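Everything below belongs to data27.pdb, which stores PDB, C-alpha atoms.
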```pdb
ATOM      1  CA  MET A   1       1.956 -31.151  17.694
ATOM      2  CA  SER A   2       1.762 -34.217  19.924
ATOM      3  CA  TYR A   3       5.227 -33.450  21.325
ATOM      4  CA  PHE A   4       4.146 -29.882  22.088
ATOM      5  CA  SER A   5       1.007 -31.166  23.838
ATOM      6  CA  LEU A   6       3.058 -33.547  25.929
ATOM      7  CA  LEU A   7       5.449 -30.791  27.006
ATOM      8  CA  THR A   8       2.550 -28.446  27.776
ATOM      9  CA  ILE A   9       0.718 -30.973  29.945
ATOM     10  CA  ASN A  10       3.867 -31.824  31.898
ATOM     11  CA  GLY A  11       4.675 -28.122  32.275
ATOM     12  CA  LEU A  12       1.178 -27.430  33.626
ATOM     13  CA  VAL A  13       1.407 -30.273  36.150
ATOM     14  CA  ILE A  14       4.773 -29.173  37.525
ATOM     15  CA  GLY A  15       3.719 -25.524  37.329
ATOM     16  CA  LEU A  16       0.698 -26.175  39.545
ATOM     17  CA  ILE A  17       2.928 -27.754  42.205
ATOM     18  CA  PHE A  18       5.264 -24.742  41.916
ATOM     19  CA  ALA A  19       2.244 -22.453  42.316
ATOM     20  CA  LEU A  20       1.080 -24.245  45.457
ATOM     21  CA  THR A  21       4.518 -23.843  47.040
ATOM     22  CA  ALA A  22       4.742 -20.195  46.033
ATOM     23  CA  ALA A  23       1.196 -19.392  47.217
ATOM     24  CA  GLY A  24       2.177 -20.339  50.771
ATOM     25  CA  LEU A  25       5.326 -18.228  50.604
ATOM     26  CA  THR A  26       3.335 -15.292  49.205
ATOM     27  CA  LEU A  27       0.699 -15.544  51.918
ATOM     28  CA  ILE A  28       3.338 -15.384  54.656
ATOM     29  CA  PHE A  29       5.140 -12.482  53.001
ATOM     30  CA  SER A  30       2.011 -10.443  52.289
ATOM     31  CA  VAL A  31       0.670 -10.659  55.862
ATOM     32  CA  LEU A  32       3.833 -10.825  58.000
ATOM     33  CA  ARG A  33       6.083  -8.980  55.509
ATOM     34  CA  VAL A  34       8.752 -11.509  56.299
ATOM     35  CA  VAL A  35      10.740 -13.437  53.680
ATOM     36  CA  ASN A  36      10.486 -17.014  54.930
ATOM     37  CA  PHE A  37      13.723 -18.761  53.965
ATOM     38  CA  SER A  38      12.551 -21.945  55.710
ATOM     39  CA  HIS A  39       9.785 -22.535  53.166
ATOM     40  CA  GLY A  40      11.785 -25.236  51.360
ATOM     41  CA  ALA A  41      12.365 -27.066  54.643
ATOM     42  CA  LEU A  42       8.619 -26.968  55.355
ATOM     43  CA  TYR A  43       8.043 -28.397  51.866
ATOM     44  CA  MET A  44      10.470 -31.228  52.697
ATOM     45  CA  MET A  45       8.779 -31.862  56.053
ATOM     46  CA  GLY A  46       5.441 -32.168  54.285
ATOM     47  CA  GLY A  47       6.803 -34.925  52.055
ATOM     48  CA  TYR A  48       8.129 -36.911  54.999
ATOM     49  CA  ALA A  49       4.981 -36.305  57.083
ATOM     50  CA  SER A  50       2.893 -37.778  54.288
ATOM     51  CA  TYR A  51       5.258 -40.746  53.900
ATOM     52  CA  TYR A  52       5.117 -41.685  57.584
ATOM     53  CA  ALA A  53       1.361 -41.026  57.857
ATOM     54  CA  ILE A  54       0.814 -43.519  55.028
ATOM     55  CA  ARG A  55       3.262 -46.049  56.449
ATOM     56  CA  TYR A  56       2.374 -45.986  60.155
ATOM     57  CA  LEU A  57      -1.230 -44.719  60.230
ATOM     58  CA  GLY A  58      -2.367 -46.737  57.224
ATOM     59  CA  LEU A  59      -3.769 -43.689  55.429
ATOM     60  CA  PRO A  60      -4.287 -43.688  51.645
ATOM     61  CA  PRO A  61      -1.853 -41.428  49.741
ATOM     62  CA  ILE A  62      -4.420 -38.615  49.488
ATOM     63  CA  GLY A  63      -5.032 -38.960  53.220
ATOM     64  CA  GLY A  64      -1.276 -38.594  53.666
ATOM     65  CA  VAL A  65      -1.427 -35.224  51.897
ATOM     66  CA  VAL A  66      -4.187 -34.037  54.243
ATOM     67  CA  ALA A  67      -2.282 -35.305  57.294
ATOM     68  CA  ALA A  68       0.877 -33.512  56.131
ATOM     69  CA  MET A  69      -0.991 -30.224  55.695
ATOM     70  CA  ILE A  70      -2.556 -30.489  59.157
ATOM     71  CA  ALA A  71       0.802 -31.329  60.749
ATOM     72  CA  LEU A  72       2.590 -28.461  58.993
ATOM     73  CA  PHE A  73      -0.240 -26.036  59.853
ATOM     74  CA  PHE A  74       0.254 -26.644  63.563
ATOM     75  CA  PHE A  75       4.043 -26.676  63.194
ATOM     76  CA  GLY A  76       3.856 -23.277  61.473
ATOM     77  CA  ILE A  77       1.627 -21.881  64.216
ATOM     78  CA  LEU A  78       3.974 -23.154  66.920
ATOM     79  CA  PHE A  79       7.048 -21.734  65.188
ATOM     80  CA  GLU A  80       5.396 -18.351  64.682
ATOM     81  CA  ILE A  81       4.322 -18.118  68.330
ATOM     82  CA  LEU A  82       7.645 -19.247  69.810
ATOM     83  CA  ILE A  83      10.168 -17.709  67.415
ATOM     84  CA  MET A  84       8.627 -15.044  65.167
ATOM     85  CA  ARG A  85       6.896 -12.895  67.798
ATOM     86  CA  PRO A  86       9.955 -10.672  68.500
ATOM     87  CA  VAL A  87       9.629  -9.366  64.921
ATOM     88  CA  TYR A  88       6.468  -7.450  65.914
ATOM     89  CA  THR A  89       7.688  -6.198  69.277
ATOM     90  CA  ASP A  90      10.539  -4.099  70.595
ATOM     91  CA  GLU A  91      12.462  -7.153  71.834
ATOM     92  CA  VAL A  92      14.854  -6.902  68.883
ATOM     93  CA  GLU A  93      16.151  -3.773  67.179
ATOM     94  CA  ARG A  94      16.967  -5.116  63.702
ATOM     95  CA  LYS A  95      13.747  -6.960  62.935
ATOM     96  CA  ASP A  96      14.360  -7.711  59.259
ATOM     97  CA  GLU A  97      17.745  -9.271  59.999
ATOM     98  CA  TYR A  98      16.243 -11.239  62.907
ATOM     99  CA  ALA A  99      13.546 -12.690  60.603
ATOM    100  CA  ILE A 100      16.123 -13.689  57.992
ATOM    101  CA  ILE A 101      18.376 -15.350  60.552
ATOM    102  CA  VAL A 102      15.661 -17.341  62.343
ATOM    103  CA  THR A 103      13.986 -18.589  59.145
ATOM    104  CA  PHE A 104      17.323 -19.449  57.546
ATOM    105  CA  GLY A 105      18.377 -21.111  60.810
ATOM    106  CA  LEU A 106      15.202 -23.203  60.754
ATOM    107  CA  THR A 107      16.171 -24.423  57.275
ATOM    108  CA  ILE A 108      19.573 -25.603  58.529
ATOM    109  CA  LEU A 109      18.043 -27.149  61.642
ATOM    110  CA  LEU A 110      15.311 -29.074  59.796
ATOM    111  CA  SER A 111      17.589 -30.223  56.973
ATOM    112  CA  ASN A 112      20.180 -31.642  59.359
ATOM    113  CA  LEU A 113      17.529 -33.038  61.661
ATOM    114  CA  ALA A 114      15.977 -34.808  58.665
ATOM    115  CA  ILE A 115      19.316 -36.490  57.888
ATOM    116  CA  VAL A 116      19.543 -37.751  61.470
ATOM    117  CA  VAL A 117      15.908 -38.839  61.827
ATOM    118  CA  PHE A 118      15.000 -39.993  58.315
ATOM    119  CA  GLY A 119      18.459 -40.997  57.082
ATOM    120  CA  PRO A 120      20.463 -39.735  54.111
ATOM    121  CA  PHE A 121      18.935 -42.156  51.609
ATOM    122  CA  SER A 122      15.885 -41.380  49.502
ATOM    123  CA  LYS A 123      12.451 -42.810  50.239
ATOM    124  CA  SER A 124       9.460 -43.309  47.944
ATOM    125  CA  PRO A 125       5.866 -43.298  49.202
ATOM    126  CA  PRO A 126       3.293 -45.434  47.365
ATOM    127  CA  PRO A 127       1.761 -43.888  44.215
ATOM    128  CA  PHE A 128      -1.617 -42.185  44.259
ATOM    129  CA  LEU A 129      -2.735 -44.549  41.502
ATOM    130  CA  ASP A 130      -0.805 -46.980  39.314
ATOM    131  CA  GLY A 131      -0.950 -46.646  35.564
ATOM    132  CA  THR A 132      -0.825 -43.995  32.859
ATOM    133  CA  LEU A 133      -3.497 -41.958  31.154
ATOM    134  CA  ILE A 134      -3.250 -42.214  27.358
ATOM    135  CA  LEU A 135      -5.586 -39.812  25.611
ATOM    136  CA  GLY A 136      -4.587 -39.164  21.999
ATOM    137  CA  PRO A 137      -1.260 -37.346  22.063
ATOM    138  CA  VAL A 138      -1.434 -36.917  25.856
ATOM    139  CA  ILE A 139       0.479 -39.501  27.900
ATOM    140  CA  LEU A 140       0.406 -38.740  31.618
ATOM    141  CA  PRO A 141       1.035 -40.982  34.658
ATOM    142  CA  TYR A 142      -1.945 -40.972  37.008
ATOM    143  CA  ASP A 143       0.340 -39.809  39.829
ATOM    144  CA  ARG A 144       0.985 -36.530  38.037
ATOM    145  CA  LEU A 145      -2.639 -36.150  37.006
ATOM    146  CA  ILE A 146      -3.910 -36.603  40.575
ATOM    147  CA  ALA A 147      -1.230 -34.280  41.958
ATOM    148  CA  ALA A 148      -2.290 -31.600  39.462
ATOM    149  CA  VAL A 149      -6.002 -31.993  40.253
ATOM    150  CA  VAL A 150      -5.395 -31.805  44.016
ATOM    151  CA  ALA A 151      -3.149 -28.757  43.517
ATOM    152  CA  VAL A 152      -5.916 -27.037  41.520
ATOM    153  CA  VAL A 153      -8.420 -27.817  44.285
ATOM    154  CA  LEU A 154      -6.096 -26.491  47.000
ATOM    155  CA  LEU A 155      -5.302 -23.333  45.030
ATOM    156  CA  GLY A 156      -9.015 -22.789  44.343
ATOM    157  CA  VAL A 157      -9.925 -23.248  48.006
ATOM    158  CA  THR A 158      -7.122 -20.880  49.052
ATOM    159  CA  THR A 159      -8.253 -18.205  46.587
ATOM    160  CA  TRP A 160     -11.884 -18.586  47.656
ATOM    161  CA  PHE A 161     -10.936 -18.499  51.340
ATOM    162  CA  LEU A 162      -8.956 -15.283  50.963
ATOM    163  CA  ALA A 163     -11.595 -13.539  48.841
ATOM    164  CA  ARG A 164     -14.893 -14.759  50.278
ATOM    165  CA  THR A 165     -14.505 -15.491  53.968
ATOM    166  CA  THR A 166     -14.334 -13.040  56.855
ATOM    167  CA  LEU A 167     -11.035 -14.488  58.033
ATOM    168  CA  GLY A 168      -9.551 -14.294  54.542
ATOM    169  CA  GLN A 169     -10.602 -10.663  54.183
ATOM    170  CA  ALA A 170      -9.089  -9.927  57.590
ATOM    171  CA  LEU A 171      -5.789 -11.409  56.384
ATOM    172  CA  ASP A 172      -5.983  -9.238  53.271
ATOM    173  CA  ALA A 173      -6.726  -6.158  55.378
ATOM    174  CA  VAL A 174      -3.638  -6.794  57.538
ATOM    175  CA  SER A 175      -1.537  -7.334  54.422
ATOM    176  CA  GLN A 176      -2.513  -3.864  53.191
ATOM    177  CA  SER A 177      -2.281  -1.922  56.458
ATOM    178  CA  ARG A 178      -1.697  -3.299  59.943
ATOM    179  CA  GLU A 179      -2.678  -0.037  61.602
ATOM    180  CA  SER A 180      -5.934   0.372  59.664
ATOM    181  CA  ALA A 181      -6.853  -3.263  60.295
ATOM    182  CA  ALA A 182      -6.270  -2.812  64.027
ATOM    183  CA  VAL A 183      -8.507   0.288  64.047
ATOM    184  CA  ILE A 184     -11.490  -1.731  62.783
ATOM    185  CA  GLY A 185     -10.976  -4.454  65.387
ATOM    186  CA  ILE A 186      -8.752  -6.985  63.628
ATOM    187  CA  ASN A 187      -5.985  -8.447  65.787
ATOM    188  CA  PRO A 188      -2.891  -8.334  63.533
ATOM    189  CA  ARG A 189      -0.881 -10.748  65.692
ATOM    190  CA  ARG A 190      -3.578 -13.387  65.424
ATOM    191  CA  MET A 191      -3.569 -12.918  61.642
ATOM    192  CA  TYR A 192       0.235 -13.365  61.574
ATOM    193  CA  THR A 193      -0.117 -16.712  63.341
ATOM    194  CA  ILE A 194      -2.897 -17.904  61.039
ATOM    195  CA  ALA A 195      -1.041 -16.763  57.911
ATOM    196  CA  PHE A 196       2.168 -18.560  58.930
ATOM    197  CA  GLY A 197       0.184 -21.723  59.695
ATOM    198  CA  LEU A 198      -1.658 -21.619  56.365
ATOM    199  CA  GLY A 199       1.510 -20.868  54.400
ATOM    200  CA  SER A 200       3.289 -23.770  56.095
ATOM    201  CA  ALA A 201       0.335 -26.067  55.335
ATOM    202  CA  LEU A 202       0.459 -25.143  51.637
ATOM    203  CA  ALA A 203       4.206 -25.842  51.532
ATOM    204  CA  GLY A 204       3.644 -29.185  53.264
ATOM    205  CA  GLY A 205       0.835 -30.063  50.849
ATOM    206  CA  ALA A 206       3.067 -29.337  47.864
ATOM    207  CA  GLY A 207       5.831 -31.540  49.301
ATOM    208  CA  ALA A 208       3.347 -34.345  49.938
ATOM    209  CA  LEU A 209       1.961 -34.111  46.390
ATOM    210  CA  ILE A 210       5.391 -34.264  44.792
ATOM    211  CA  ALA A 211       6.519 -37.165  47.017
ATOM    212  CA  PRO A 212       5.090 -40.026  44.886
ATOM    213  CA  ILE A 213       6.484 -38.419  41.694
ATOM    214  CA  PHE A 214      10.040 -37.792  42.891
ATOM    215  CA  ALA A 215      11.884 -39.485  45.746
ATOM    216  CA  LEU A 216      12.036 -37.904  49.195
ATOM    217  CA  SER A 217      15.346 -36.644  50.518
ATOM    218  CA  PRO A 218      16.463 -34.172  53.218
ATOM    219  CA  SER A 219      17.613 -31.738  50.526
ATOM    220  CA  MET A 220      14.443 -31.925  48.381
ATOM    221  CA  GLY A 221      13.328 -28.433  49.475
ATOM    222  CA  ASP A 222      16.490 -26.610  48.377
ATOM    223  CA  LEU A 223      15.451 -26.076  44.761
ATOM    224  CA  PRO A 224      11.700 -25.487  45.274
ATOM    225  CA  VAL A 225      12.328 -22.569  47.622
ATOM    226  CA  VAL A 226      14.475 -20.860  44.971
ATOM    227  CA  GLN A 227      11.775 -21.474  42.392
ATOM    228  CA  ALA A 228       9.158 -20.121  44.793
ATOM    229  CA  PHE A 229      11.125 -16.881  45.175
ATOM    230  CA  ILE A 230      11.347 -16.566  41.377
ATOM    231  CA  ILE A 231       7.613 -17.182  41.078
ATOM    232  CA  ILE A 232       6.521 -14.612  43.660
ATOM    233  CA  VAL A 233       8.686 -11.972  41.967
ATOM    234  CA  ILE A 234       7.235 -12.872  38.554
ATOM    235  CA  GLY A 235       3.678 -12.863  39.905
ATOM    236  CA  GLY A 236       4.154  -9.786  42.050
ATOM    237  CA  MET A 237       5.204  -9.948  45.689
ATOM    238  CA  GLY A 238       2.153 -10.161  47.915
ATOM    239  CA  SER A 239      -0.258 -11.432  45.259
ATOM    240  CA  VAL A 240      -1.480 -15.008  45.775
ATOM    241  CA  GLY A 241      -3.201 -14.941  42.381
ATOM    242  CA  GLY A 242       0.025 -13.719  40.810
ATOM    243  CA  SER A 243       1.957 -16.577  42.405
ATOM    244  CA  ILE A 244      -0.454 -19.074  40.792
ATOM    245  CA  VAL A 245       0.021 -17.521  37.348
ATOM    246  CA  GLY A 246       3.778 -17.248  37.920
ATOM    247  CA  GLY A 247       4.036 -20.912  38.942
ATOM    248  CA  ILE A 248       2.226 -22.104  35.830
ATOM    249  CA  LEU A 249       4.344 -19.841  33.602
ATOM    250  CA  LEU A 250       7.546 -21.154  35.197
ATOM    251  CA  GLY A 251       6.467 -24.775  34.744
ATOM    252  CA  LEU A 252       5.627 -24.179  31.081
ATOM    253  CA  ALA A 253       8.833 -22.229  30.426
ATOM    254  CA  GLN A 254      10.971 -25.004  31.880
ATOM    255  CA  SER A 255       9.100 -27.768  30.079
ATOM    256  CA  TRP A 256       9.175 -26.048  26.685
ATOM    257  CA  GLY A 257      12.757 -24.885  27.147
ATOM    258  CA  VAL A 258      14.064 -28.334  28.018
ATOM    259  CA  GLY A 259      11.958 -30.007  25.337
ATOM    260  CA  TYR A 260      13.053 -27.766  22.482
ATOM    261  CA  LEU A 261      16.698 -27.176  23.412
ATOM    262  CA  PRO A 262      18.720 -28.322  20.380
ATOM    263  CA  ASP A 263      21.195 -30.293  22.507
ATOM    264  CA  PRO A 264      19.118 -32.912  24.423
ATOM    265  CA  ASN A 265      22.180 -34.120  26.356
ATOM    266  CA  ARG A 266      22.474 -30.761  28.110
ATOM    267  CA  ALA A 267      18.793 -29.850  28.264
ATOM    268  CA  LEU A 268      18.158 -30.816  31.889
ATOM    269  CA  ALA A 269      21.260 -28.936  33.036
ATOM    270  CA  TYR A 270      19.678 -25.699  31.745
ATOM    271  CA  THR A 271      16.293 -26.211  33.430
ATOM    272  CA  GLN A 272      16.769 -23.446  35.994
ATOM    273  CA  ALA A 273      18.155 -21.062  33.371
ATOM    274  CA  PHE A 274      14.733 -20.850  31.703
ATOM    275  CA  GLY A 275      13.219 -19.632  34.979
ATOM    276  CA  ALA A 276      15.892 -16.938  35.207
ATOM    277  CA  ILE A 277      15.176 -15.859  31.619
ATOM    278  CA  LEU A 278      11.446 -15.659  32.358
ATOM    279  CA  LEU A 279      12.189 -13.586  35.467
ATOM    280  CA  ILE A 280      14.395 -11.145  33.547
ATOM    281  CA  ILE A 281      11.837 -10.690  30.762
ATOM    282  CA  THR A 282       9.036 -10.118  33.280
ATOM    283  CA  LEU A 283      10.978  -7.512  35.262
ATOM    284  CA  LEU A 284      11.986  -5.674  32.076
ATOM    285  CA  PHE A 285       8.335  -5.010  31.227
ATOM    286  CA  ARG A 286       6.714  -5.214  34.716
ATOM    287  CA  PRO A 287       9.174  -4.202  37.474
ATOM    288  CA  THR A 288       6.539  -4.921  40.167
ATOM    289  CA  GLY A 289       5.713  -8.347  38.720
ATOM    290  CA  LEU A 290       2.576  -9.304  36.812
ATOM    291  CA  PHE A 291       0.135  -8.547  39.655
ATOM    292  CA  GLY A 292       2.346  -6.728  42.150
ATOM    293  CA  ARG A 293       1.005  -4.069  44.475
ATOM    294  CA  ILE A 294       3.345  -1.103  44.565
ATOM    295  CA  HIS A 295       2.457  -0.067  48.117
ATOM    296  CA  LEU A 296       3.833  -3.249  49.741
ATOM    297  CA  ARG A 297       7.136  -2.582  51.417
ATOM    298  CA  LEU A 298       9.132  -4.360  54.110
ATOM    299  CA  GLU A 299       8.788  -2.576  57.459
TER     300      GLU A 299
END
```

What would you get if you wrote out this structure as structure tokens?
Amino acid sequence: MSYFSLLTINGLVIGLIFALTAAGLTLIFSVLRVVNFSHGALYMMGGYASYYAIRYLGLPPIGGVVAAMIALFFFGILFEILIMRPVYTDEVERKDEYAIIVTFGLTILLSNLAIVVFGPFSKSPPPFLDGTLILGPVILPYDRLIAAVVAVVLLGVTTWFLARTTLGQALDAVSQSRESAAVIGINPRRMYTIAFGLGSALAGGAGALIAPIFALSPSMGDLPVVQAFIIIVIGGMGSVGGSIVGGILLGLAQSWGVGYLPDPNRALAYTQAFGAILLIITLLFRPTGLFGRIHLRLE
């Protein structure tokens, strides 16, 4: 029982970080209807932004997370204004392909730029708090506990913002129908910019939270972006709440799968396979994902 509790706690912690990454990707997709392939690179940039904010500005590690989210918010806004605008105009004919190319190109650009600027070797920011929580069968480093608590707070604030504020409801209205939202006075283009900024900030926050747990590297966003795509399909494309549930389910599935695999020497090598199994099972019974909205389609 204690082993199961340990696996469950670790799965929840990692799952919450997954959910934070996927929530940003979902927000961008639901409002802009663009699959953002650069989300992993934004996650990586958040980790490095936090590291350098702590090192050069003297911020505490939690302050580094906030600084990373602010930096990535403005970076996302700038990128959307300068690069993504042709997707909504007649400047390009094949808009879906344009969006794929520019977001994928940003991934290549940022990853290679990170190697040049930050170097190819890994870096480790200071921990949020030294020590380990030991509570009965639960043994959890404080770093992971704090990362999980902050992720819960950020996910809660995001959910509240989207459901309870005027701006959040405007984003939801645009995600359901751009034309109808424009009729009632909502500026869709402004919502696109805000959504891309917020999604980038959530990716940066996730990267900053994971930084003290795992080392930073220019390629650290490669795997999380794949996991984020799995999560938003499991949760239902366009559903932020679904991405939170999907992230937690993926974290638990990987933790339990690795923990109970009969061959411990190969367990870690199969980590990603458990996510694929969860995805297949979900799509067999819920083709639109757990909370997917059928009417969402790429335009």

Exercise. Find, counting only C-alpha atoms, the residue in A:Thr193, A:Ser111, A:Ser219, A:Thr166 that gets nearest to Phe73 (chain A).
Key: A:Thr193

Exercise. For the structure shown, which residues end up in the PyMOL selection byres ((chain A and resi 115) around 12)? Put them as a PyMOL selection string, please?
Key: chain A and resi 44-45+48+108-114+116-122+216-220

Could you make a table, as a tab-separated table, of the residues of region 254-275 of chain A that have an atom within 10 Å of an atom of region 279-288 of chain A, each with its nearest atom pair and distance in Å to one decimal, counting all atoms listed in the file, in chain and number order?
```
residue	atom	partner	partner_atom	distance
A:Ala273	CA	A:Leu279	CA	9.8
A:Phe274	CA	A:Leu279	CA	8.6
A:Gly275	CA	A:Leu279	CA	6.2
```

Quiz item: Any idea what's packed within 8 Å of region 4-14 of chain A, counting only C-alpha atoms, ignoring anything in its chain fewer than 2 positions away? Could you give it as a list in words?
Solution: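 Returned residues: Met1, Ser2, Leu16, Ile17, Phe18, Pro137, Val138, Ile139, Leu140, Arg144, Leu145, Ala147, Ala148, Ile248, Gly251, Leu252, Ala253, Gln254, Ser255, Trp256 and Gly259 of chain A.
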
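When CA of Pro126 (chain A) is paired with CA of Ile213 (chain A), their separation reads 9.6 Å.
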
Quiz item: Hey, which of A:Phe29, A:Val35, A:Leu249, A:Pro224 ends up closest to Gly204 (chain A)? Count only C-alpha atoms.
Solution: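 Under the stated criterion, the closest residue is A:Pro224.
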
Exercise. Go through A:Val233, A:Val87, A:Ile81, A:Val245 one by one, measure the shortest atom-to-atom distance of each to Ala276 (chain A) using only C-alpha atoms, and give the residue with the smallest value.
Key: A:Val233

Assuming 3 Å of padding per side, give the centre and edge lengths of the axis-aligned box around every listed atom of region 188-196 of chain A, in Å to one decimal and as JSON.
```
{"center_x": -0.7, "center_y": -13.4, "center_z": 61.8, "size_x": 11.7, "size_y": 16.2, "size_z": 13.8}
```

Exercise. Could you jot down the CA of Ala215 (chain A) to CA of Leu268 (chain A) separation for me, Å, one decimal place?
Key: 17.5 Å

Quiz item: Care to translate the PyMOL selection byres ((chain A and resi 97) around 12) into actual residues of this file, as a PyMOL selection string?
Solution: chain A and resi 34-37+84+86-87+92-96+98-105+298-299

Quiz item: Nearest to Ala195 (chain A) among A:Leu209, A:Leu154, A:Val174, A:Ile54, with distances taken over all atoms listed in the file: which residue is it?
Solution: A:Val174

Self-check item: Residues near Pro61 (chain A), cut-off 8 Å, all atoms listed in the file, skip fewer than 4 positions along chain, as a PyMOL selection string
Solution: chain A and resi 50+54+65+125-128

Quiz item: Can you list, as a PyMOL selection string, the residues that the PyMOL selection byres ((chain A and resi 200) around 12) selects here?
Solution: chain A and resi 20-29+36-46+68-80+193-199+201-207

Practice problem: Tell me, in Å to one decimal, how far CA of Asp90 (chain A) is from CA of Ile184 (chain A). | Solution: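 Atom-to-atom, CA of Asp90 (chain A) and CA of Ile184 (chain A) are spaced 23.5 Å apart.
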
Within 8 Å of region 175-179 of chain A, which residues of region 13-53 of chain A show up? Give each one with its shortest atom-to-atom distance in Å (one decimal) and the two atoms involved, counting only C-alpha atoms, rows by chain then rising residue number, as a tab-separated table.
```
residue	atom	partner	partner_atom	distance
A:Ser30	CA	A:Ser175	CA	5.2
A:Val31	CA	A:Ser175	CA	4.2
A:Leu32	CA	A:Ser175	CA	7.3
A:Arg33	CA	A:Ser175	CA	7.9
```

Practice problem: Counting all atoms listed in the file, figure out which residue out of A:Leu135, A:Leu82, A:Val240, A:Val153 gets nearest to Gly168 (chain A). | Solution: A:Val240
